[in-house]
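S.K.: Quick one, query_9.txt (compact mmCIF, C-alpha atoms and all ligand atoms):
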```txt
# COMPACT_ATOMS: atom_id res chain seq x y z
CA MET R 4 0.00 0.00 0.00
CA ALA R 5 1.42 3.37 -0.96
CA LYS R 6 2.14 5.83 1.79
CA GLY R 7 -0.03 8.46 0.11
CA ALA R 8 -3.11 6.25 0.41
CA GLN R 9 -2.50 5.81 4.12
CA LYS R 10 -2.27 9.57 4.45
CA ILE R 11 -5.73 9.94 2.95
CA GLY R 12 -6.96 7.24 5.33
CA GLU R 13 -5.59 9.20 8.26
CA THR R 14 -7.37 12.31 7.11
CA SER R 15 -10.61 10.34 6.88
CA SER R 16 -10.27 8.96 10.36
CA ASN R 17 -10.39 12.44 11.91
CA GLY R 18 -13.75 13.10 10.29
CA GLY R 19 -12.59 14.47 6.91
CA SER R 20 -14.61 12.07 4.75
CA ARG R 21 -17.81 12.00 6.78
CA VAL R 22 -18.78 15.49 5.78
CA PRO R 23 -18.60 14.94 2.00
CA ASN R 24 -20.76 11.82 2.40
CA ARG R 25 -23.33 13.73 4.42
CA ALA R 26 -23.11 16.67 2.01
CA ARG R 27 -23.63 14.35 -0.91
CA ALA R 28 -26.75 12.92 0.67
CA ILE R 29 -28.16 16.38 1.34
CA LEU R 30 -27.17 17.74 -2.06
CA LEU R 31 -29.12 14.96 -3.72
CA ALA R 32 -32.27 15.99 -1.84
CA PRO R 33 -33.47 18.51 -4.48
CA LEU R 34 -33.27 15.79 -7.08
CA ILE R 35 -35.27 13.46 -4.87
CA PHE R 36 -37.82 16.26 -4.33
CA ALA R 37 -38.05 16.93 -8.05
CA LEU R 38 -38.39 13.27 -8.91
CA ALA R 39 -40.92 12.64 -6.13
CA GLY R 40 -43.34 14.99 -7.95
CA CYS R 41 -44.67 16.83 -4.89
CA SER R 42 -48.20 18.10 -5.43
CA SER R 43 -48.01 21.57 -6.95
CA GLU R 44 -51.33 22.62 -5.36
CA LYS R 45 -50.09 22.08 -1.81
CA LEU R 46 -46.96 24.18 -2.33
CA PRO R 47 -47.00 28.01 -2.28
CA ALA R 48 -47.11 29.64 -5.72
CA LEU R 49 -44.20 31.96 -4.78
CA GLY R 50 -45.57 35.06 -6.44
CA PHE R 51 -47.26 33.54 -9.48
CA PRO R 52 -51.03 33.29 -9.93
CA ARG R 53 -52.52 29.87 -10.43
CA GLY R 54 -54.62 28.75 -13.35
CA VAL R 55 -54.77 32.00 -15.36
CA THR R 56 -53.96 30.02 -18.52
CA ASP R 57 -53.13 26.39 -19.24
CA ILE R 58 -49.47 27.49 -19.44
CA ASN R 59 -49.60 28.35 -15.73
CA ASP R 60 -50.68 24.78 -14.99
CA ILE R 61 -47.44 23.54 -16.60
CA SER R 62 -45.04 26.32 -15.59
CA LEU R 63 -46.04 26.52 -11.93
CA SER R 64 -44.55 23.18 -10.90
CA LEU R 65 -41.35 24.03 -12.81
CA TRP R 66 -41.17 27.37 -11.00
CA GLN R 67 -41.80 25.74 -7.62
CA GLY R 68 -39.32 22.94 -8.29
CA ALA R 69 -36.59 25.41 -9.29
CA TRP R 70 -37.18 27.36 -6.07
CA ILE R 71 -37.11 24.21 -3.94
CA ALA R 72 -33.81 23.19 -5.55
CA ALA R 73 -32.44 26.73 -5.06
CA PHE R 74 -33.51 26.86 -1.41
CA ILE R 75 -32.02 23.46 -0.62
CA VAL R 76 -28.74 24.10 -2.44
CA GLY R 77 -28.56 27.58 -0.86
CA ALA R 78 -29.21 26.19 2.63
CA ILE R 79 -26.59 23.44 2.23
CA THR R 80 -24.06 25.99 0.94
CA ALA R 81 -24.77 28.33 3.86
CA VAL R 82 -24.47 25.47 6.39
CA LEU R 83 -21.17 24.29 4.85
CA ILE R 84 -19.74 27.83 4.87
CA LEU R 85 -20.82 28.41 8.49
CA TRP R 86 -19.64 24.96 9.52
CA ALA R 87 -16.18 25.55 7.97
CA ALA R 88 -15.95 29.06 9.45
CA PHE R 89 -16.93 27.81 12.92
CA ARG R 90 -15.05 24.52 12.90
CA TYR R 91 -11.77 26.00 11.68
CA ARG R 92 -11.83 29.37 13.45
CA VAL R 93 -8.86 30.41 15.57
CA LYS R 94 -9.60 28.52 18.78
CA ARG R 95 -7.63 30.37 21.41
CA ARG R 96 -7.99 34.05 22.08
CA ALA R 97 -4.23 34.20 22.62
CA ASN R 98 -3.65 33.10 19.04
CA VAL R 99 -5.61 35.99 17.54
CA GLY R 100 -3.08 38.35 16.04
CA GLY R 101 -0.28 35.90 16.80
CA PRO R 102 1.78 34.00 14.25
CA GLU R 103 -0.42 32.44 11.59
CA GLN R 104 -1.20 28.79 12.20
CA LEU R 105 -2.56 26.97 9.20
CA PRO R 106 -4.84 23.96 9.71
CA GLU R 107 -3.78 20.63 8.28
CA GLN R 108 -3.48 21.02 4.49
CA VAL R 109 -5.28 18.34 2.48
CA SER R 110 -5.06 18.07 -1.31
CA TYR R 111 -6.05 15.60 -4.03
CA HIS R 112 -9.05 14.23 -2.16
CA LEU R 113 -10.41 12.29 -5.10
CA PRO R 114 -13.84 11.27 -3.69
CA LEU R 115 -14.54 14.90 -2.70
CA GLU R 116 -13.48 16.18 -6.12
CA ILE R 117 -15.72 13.67 -7.87
CA ILE R 118 -18.64 14.66 -5.65
CA TYR R 119 -18.34 18.37 -6.28
CA THR R 120 -18.05 17.77 -10.01
CA VAL R 121 -20.82 15.21 -10.38
CA VAL R 122 -23.43 16.70 -8.01
CA PRO R 123 -23.68 20.13 -9.77
CA PHE R 124 -23.80 18.29 -13.10
CA ILE R 125 -26.73 16.19 -11.88
CA ILE R 126 -28.53 19.29 -10.55
CA VAL R 127 -28.15 21.11 -13.88
CA ALA R 128 -29.14 17.99 -15.84
CA VAL R 129 -32.33 17.56 -13.78
CA LEU R 130 -33.27 21.25 -14.15
CA PHE R 131 -32.53 21.03 -17.88
CA TYR R 132 -34.66 17.91 -18.30
CA PHE R 133 -37.76 19.39 -16.64
CA THR R 134 -37.30 22.74 -18.42
CA ALA R 135 -36.91 21.13 -21.86
CA ARG R 136 -39.86 18.79 -21.24
CA ASP R 137 -42.22 21.62 -20.18
CA GLN R 138 -40.97 23.99 -22.88
CA SER R 139 -41.69 21.49 -25.62
CA THR R 140 -45.23 21.02 -24.22
CA ILE R 141 -45.86 24.77 -24.01
CA THR R 142 -44.59 25.51 -27.52
CA LYS R 143 -46.60 22.74 -29.16
CA ILE R 144 -48.80 24.08 -31.97
CA SER R 145 -52.21 22.58 -32.75
CA PRO R 146 -52.42 20.66 -36.04
CA ALA R 147 -54.20 22.21 -39.00
CA GLY R 148 -57.96 22.03 -38.67
CA VAL R 149 -58.08 22.76 -34.94
CA ALA R 150 -59.95 25.99 -34.27
CA VAL R 151 -57.68 28.69 -32.86
CA HIS R 152 -57.94 32.47 -32.63
CA GLU R 153 -54.77 33.78 -34.22
CA ILE R 154 -53.26 37.11 -33.25
CA ASP R 155 -50.20 38.44 -35.10
CA VAL R 156 -47.99 40.32 -32.68
CA ASN R 157 -45.30 42.65 -33.99
CA ALA R 158 -42.75 44.28 -31.71
CA ILE R 159 -41.22 47.58 -32.75
CA GLN R 160 -38.98 50.12 -31.04
CA TRP R 161 -40.85 50.89 -28.78
CA ALA R 162 -44.41 49.73 -29.17
CA TRP R 163 -46.59 46.70 -29.88
CA GLN R 164 -48.84 45.98 -32.83
CA PHE R 165 -51.66 43.45 -32.65
CA THR R 166 -53.19 42.27 -35.91
CA TYR R 167 -56.36 40.16 -35.89
CA PRO R 168 -56.85 37.99 -39.02
CA GLU R 169 -60.44 37.40 -37.78
CA ALA R 170 -61.03 41.16 -38.08
CA GLU R 171 -59.92 41.39 -41.70
CA ASP R 172 -56.31 41.92 -40.56
CA LYS R 173 -57.10 45.12 -38.71
CA THR R 174 -54.09 46.28 -36.69
CA VAL R 175 -53.97 47.99 -33.32
CA THR R 176 -50.73 49.95 -32.83
CA GLY R 177 -49.81 51.17 -29.38
CA THR R 178 -47.71 54.11 -28.31
CA PRO R 179 -46.05 54.79 -24.94
CA GLU R 180 -48.80 57.37 -24.28
CA LYS R 181 -51.63 55.10 -25.37
CA LEU R 182 -50.77 51.51 -24.52
CA PRO R 183 -52.45 48.94 -26.77
CA THR R 184 -54.81 46.30 -25.43
CA MET R 185 -54.79 42.71 -26.59
CA TYR R 186 -58.27 41.16 -26.34
CA LEU R 187 -58.54 37.42 -25.77
CA PRO R 188 -61.58 35.17 -25.39
CA VAL R 189 -61.68 33.06 -22.24
CA GLY R 190 -61.80 29.28 -22.62
CA GLU R 191 -60.84 29.25 -26.32
CA ARG R 192 -57.55 28.34 -27.96
CA ILE R 193 -55.35 31.31 -28.87
CA ARG R 194 -52.27 31.28 -31.08
CA ILE R 195 -49.77 34.13 -30.98
CA ASN R 196 -47.66 34.62 -34.14
CA LEU R 197 -44.75 36.70 -32.96
CA THR R 198 -42.21 38.74 -34.88
CA ALA R 199 -40.30 42.03 -34.69
CA SER R 200 -39.70 44.92 -37.11
CA ASP R 201 -36.25 46.03 -36.02
CA VAL R 202 -34.32 44.48 -33.12
CA VAL R 203 -34.85 41.57 -30.74
CA HIS R 204 -37.76 42.06 -28.33
CA SER R 205 -39.54 39.63 -26.06
CA ILE R 206 -43.20 39.37 -25.15
CA TRP R 207 -43.87 38.79 -21.48
CA ILE R 208 -47.19 38.48 -19.73
CA PRO R 209 -46.18 37.71 -16.13
CA ALA R 210 -49.65 36.51 -15.08
CA PHE R 211 -49.55 33.89 -17.88
CA MET R 212 -46.07 32.69 -16.78
CA MET R 213 -45.01 33.03 -20.39
CA GLN R 214 -42.40 34.91 -22.36
CA MET R 215 -41.06 34.43 -25.86
CA GLN R 216 -38.54 36.29 -28.00
CA ALA R 217 -39.75 38.39 -30.91
CA LEU R 218 -37.11 38.19 -33.65
CA PRO R 219 -36.93 40.11 -36.93
CA TYR R 220 -37.60 37.86 -39.97
CA VAL R 221 -38.69 34.98 -37.71
CA LYS R 222 -42.21 33.87 -36.81
CA ASN R 223 -42.27 32.44 -33.29
CA GLN R 224 -45.50 30.89 -32.14
CA PHE R 225 -47.14 29.75 -28.95
CA GLU R 226 -50.64 28.74 -27.99
CA PHE R 227 -52.63 28.82 -24.81
CA THR R 228 -56.14 28.87 -23.43
CA ALA R 229 -56.94 31.73 -21.05
CA GLN R 230 -58.87 30.34 -18.10
CA LYS R 231 -59.73 33.44 -16.06
CA GLU R 232 -61.27 36.69 -17.22
CA GLY R 233 -59.36 39.78 -16.15
CA THR R 234 -56.91 42.52 -17.06
CA TYR R 235 -53.20 41.74 -17.01
CA PRO R 236 -50.11 43.85 -17.77
CA GLY R 237 -47.70 42.83 -20.53
CA PHE R 238 -44.12 43.91 -21.16
CA CYS R 239 -41.12 43.66 -23.44
CA ASN R 240 -38.46 41.95 -21.34
CA MET R 241 -35.56 42.05 -23.79
CA HIS R 242 -33.63 45.29 -23.43
CA CYS R 243 -34.23 46.78 -26.88
CA GLY R 244 -33.06 50.37 -26.69
CA ARG R 245 -33.67 53.73 -25.09
CA ASN R 246 -37.43 53.48 -24.48
CA HIS R 247 -37.56 49.77 -23.72
CA SER R 248 -39.24 50.44 -20.37
CA GLN R 249 -42.17 52.10 -22.14
CA MET R 250 -42.88 49.02 -24.26
CA ARG R 251 -45.89 47.86 -22.33
CA PHE R 252 -49.37 46.69 -23.18
CA THR R 253 -52.53 45.42 -21.56
CA VAL R 254 -54.16 42.03 -21.95
CA LYS R 255 -57.90 41.76 -21.48
CA VAL R 256 -59.38 38.29 -21.17
CA VAL R 257 -63.10 38.63 -21.85
CA SER R 258 -66.04 36.35 -22.60
CA PRO R 259 -66.21 34.92 -26.15
CA ALA R 260 -69.24 37.17 -26.86
CA GLU R 261 -67.34 40.29 -25.77
CA TYR R 262 -64.37 39.18 -27.85
CA GLN R 263 -66.63 38.82 -30.89
CA ASN R 264 -68.03 42.31 -30.24
CA TYR R 265 -64.48 43.65 -30.18
CA ILE R 266 -63.62 41.88 -33.45
CA ASN R 267 -66.78 43.31 -35.05
CA ALA R 268 -65.92 46.78 -33.77
CA LEU R 269 -62.39 46.44 -35.21
CA LYS R 270 -63.83 45.40 -38.55
CA GLY R 271 -66.14 48.39 -38.50
CA GLY R 272 -63.21 50.66 -37.63
CA VAL R 273 -64.75 51.60 -34.27
CA ALA R 274 -62.30 50.05 -31.79
CU CU R 301 -38.63 45.69 -26.83
```
Could you spell out this file's structure in structure tokens?

M.R.:
Amino acid sequence: MAKGAQKIGETSSNGGSRVPNRARAILLAPLIFALAGCSSEKLPALGFPRGVTDINDISLSLWQGAWIAAFIVGAITAVLILWAAFRYRVKRRANVGGPEQLPEQVSYHLPLEIIYTVVPFIIVAVLFYFTARDQSTITKISPAGVAVHEIDVNAIQWAWQFTYPEAEDKTVTGTPEKLPTMYLPVGERIRINLTASDVVHSIWIPAFMMQMQALPYVKNQFEFTAQKEGTYPGFCNMHCGRNHSQMRFTVKVVSPAEYQNYINALKGGVA
């Protein structure tokens, strides 16, 4: 047996290897939580409204899971920092300000190095898996033939344009002084066709737990069903120039009858 191996054994015997094992067990907890599929309804929504659209139903558990993982990893990190600071502090008052006394120096602790390489990789892989899975569900587009209300959304520096094919392609253009309103019928499928005239923007309706980039020359799409009538603020959340902060709009989820009235008014040039 090489002398070096015995040295590592000695380090372990004074408690050096018990902490990584314990840390590993605790660090794996967020993964266990995520995989256990805790009921999303029983957990707090942490600032997001529930059930406003069918996107919320998917995004909420992702949001909660990411917070749980962040809280657990943050707590473990804080405990390890405090533990190291407390355990290895200068023990005797007389030593404070005296000649520096270094604790035992340990290097090349292979199990520890493997743990702190593999555990973050697993955490990122788990977060990536759930994010990619939910994103592909949210961005799924209904096949041809399924009834959807399409709204073409164009982002420009620094305003929004909403065009309604159902209203003979009538367009509502907002300004910072007069923010535009996007009308949506509750309980019916809506498809947003998103693009931009100049630079990269991003549509964000916080209450819907949804954002998507608006890119020049690209048509990005997403669909949802609004489930609660109400008025919700919308924003551009991609910094797009001087007046980015003024690029806001309002979303109004109304009954299908009210939505039809709005479409008729648009057609008649009244809205
Ligand atoms: Cu913008």

S.K.: Can you tell me, as a list in words, what residues are no more than 7 Å from region 239-249 of chain R when counting all atoms listed in the file, ignoring any on the same chain fewer than 4 positions away?

M.R.: Trp161, Pro179, Val202, Val203, His204, Ser205, Ile206 and Trp207 of chain R

S.K.: Skipping near chain neighbours, those fewer than 4 positions away, what residues fall within 9 Å of Lys270 (chain R) using all atoms listed in the file, listed as number ranges by chain?

M.R.: R: 169-173, 265-266, 274

S.K.: Keeping only C-alpha atoms, write those residues as a compact mmCIF listing (two decimals), keeping the file's coordinate frame.

M.R.:
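That gives us part.txt:
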```
# COMPACT_ATOMS: atom_id res chain seq x y z
CA GLU R 169 -60.44 37.40 -37.78
CA ALA R 170 -61.03 41.16 -38.08
CA GLU R 171 -59.92 41.39 -41.70
CA ASP R 172 -56.31 41.92 -40.56
CA LYS R 173 -57.10 45.12 -38.71
CA TYR R 265 -64.48 43.65 -30.18
CA ILE R 266 -63.62 41.88 -33.45
CA ALA R 274 -62.30 50.05 -31.79
```

S.K.: Just how far from CA of Ile117 (chain R) is CA of Ala78 (chain R), in Å to one decimal?

M.R.: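 Separation of CA of Ala78 (chain R) and CA of Ile117 (chain R): 21.2 Å.
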
S.K.: For ligand CU 301 (chain R), which of R:Thr198, R:Asn223, R:Ser43, R:Gln230 is the closest residue, counting only C-alpha atoms and all ligand atoms?

M.R.: R:Thr198

S.K.: Show me, as JSON, the centre and edge lengths in Å to one decimal of the axis-aligned box that covers every listed atom of region 100-116 of chain R with 4 Å on each side.

M.R.:
```
{"center_x": -6.4, "center_y": 24.8, "center_z": 5.3, "size_x": 24.3, "size_y": 35.1, "size_z": 30.9}
```

S.K.: For Ile144 (chain R), which residue out of R:Phe227, R:Phe51, R:Phe238, R:Tyr262 is the nearest one, using all atoms listed in the file?

M.R.: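 Closest candidate: R:Phe227.
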
S.K.: Would you mind reading off the distance between CA of Phe211 (chain R) and CA of Leu197 (chain R), one decimal, in Å?

M.R.: 16.1 Å

S.K.: Would you work out the distance separating CA of Pro52 (chain R) from CA of Thr134 (chain R), expressed in Å to one decimal?

M.R.: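 Computed distance, CA of Pro52 (chain R) to CA of Thr134 (chain R), equals 19.3 Å.
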
S.K.: Rank R:Tyr186, R:Phe131, R:Trp163, R:Tyr220 by their smallest atom-to-atom distance to ligand CU 301 (chain R), using only C-alpha atoms and all ligand atoms, and report the top residue only.

M.R.: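 Closest to ligand CU 301 (chain R), using only C-alpha atoms and all ligand atoms: R:Trp163.
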
S.K.: Rank R:Ala260, R:Ala69, R:Leu49, R:Leu218 by their smallest atom-to-atom distance to ligand CU 301 (chain R), using all atoms listed in the file, and report the top residue only.

M.R.: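 Closest candidate: R:Leu218.
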
S.K.: With distances taken over all atoms listed in the file, which residue among R:Gly272, R:Ala158, R:Asn264, R:Val257 lies nearest ligand CU 301 (chain R)?

M.R.: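 Closest residue, counting all atoms listed in the file: R:Ala158.
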
S.K.: Skipping near chain neighbours, those fewer than 2 positions away, what residues fall within 12 Å of region 189-191 of chain R using all atoms listed in the file, listed as a PyMOL selection string?

M.R.: chain R and resi 54-57+149-153+186-187+193-194+226-234+254-263

S.K.: Here is a test: counting only C-alpha atoms and all ligand atoms, which residue of R:Ser200, R:Ser139, R:Thr120, R:Thr176 is nearest to ligand CU 301 (chain R)?

M.R.: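 Comparing R:Ser200, R:Ser139, R:Thr120, R:Thr176 against ligand CU 301 (chain R), the winner is R:Ser200.
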
S.K.: List every protein, DNA or RNA residue with an atom no more than 12 Å from (-52.6, 23.3, -2.9) in the file's coordinates, counting all atoms listed in the file, and format the result as a list in words.

M.R.: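 Within 12 Å of (-52.6, 23.3, -2.9), the protein and nucleic acid residues are Cys41, Ser42, Ser43, Glu44, Lys45, Leu46, Pro47, Ala48, Arg53, Gly54, Leu63 and Ser64 of chain R.
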
S.K.: Report as an MDAnalysis selection string all protein, DNA and RNA residues lying within 7 Å of Gln164 (chain R), evaluated on only C-alpha atoms, omitting residues in the same chain fewer than 5 positions from it.

M.R.: chainID R and resid 156:158 174:177
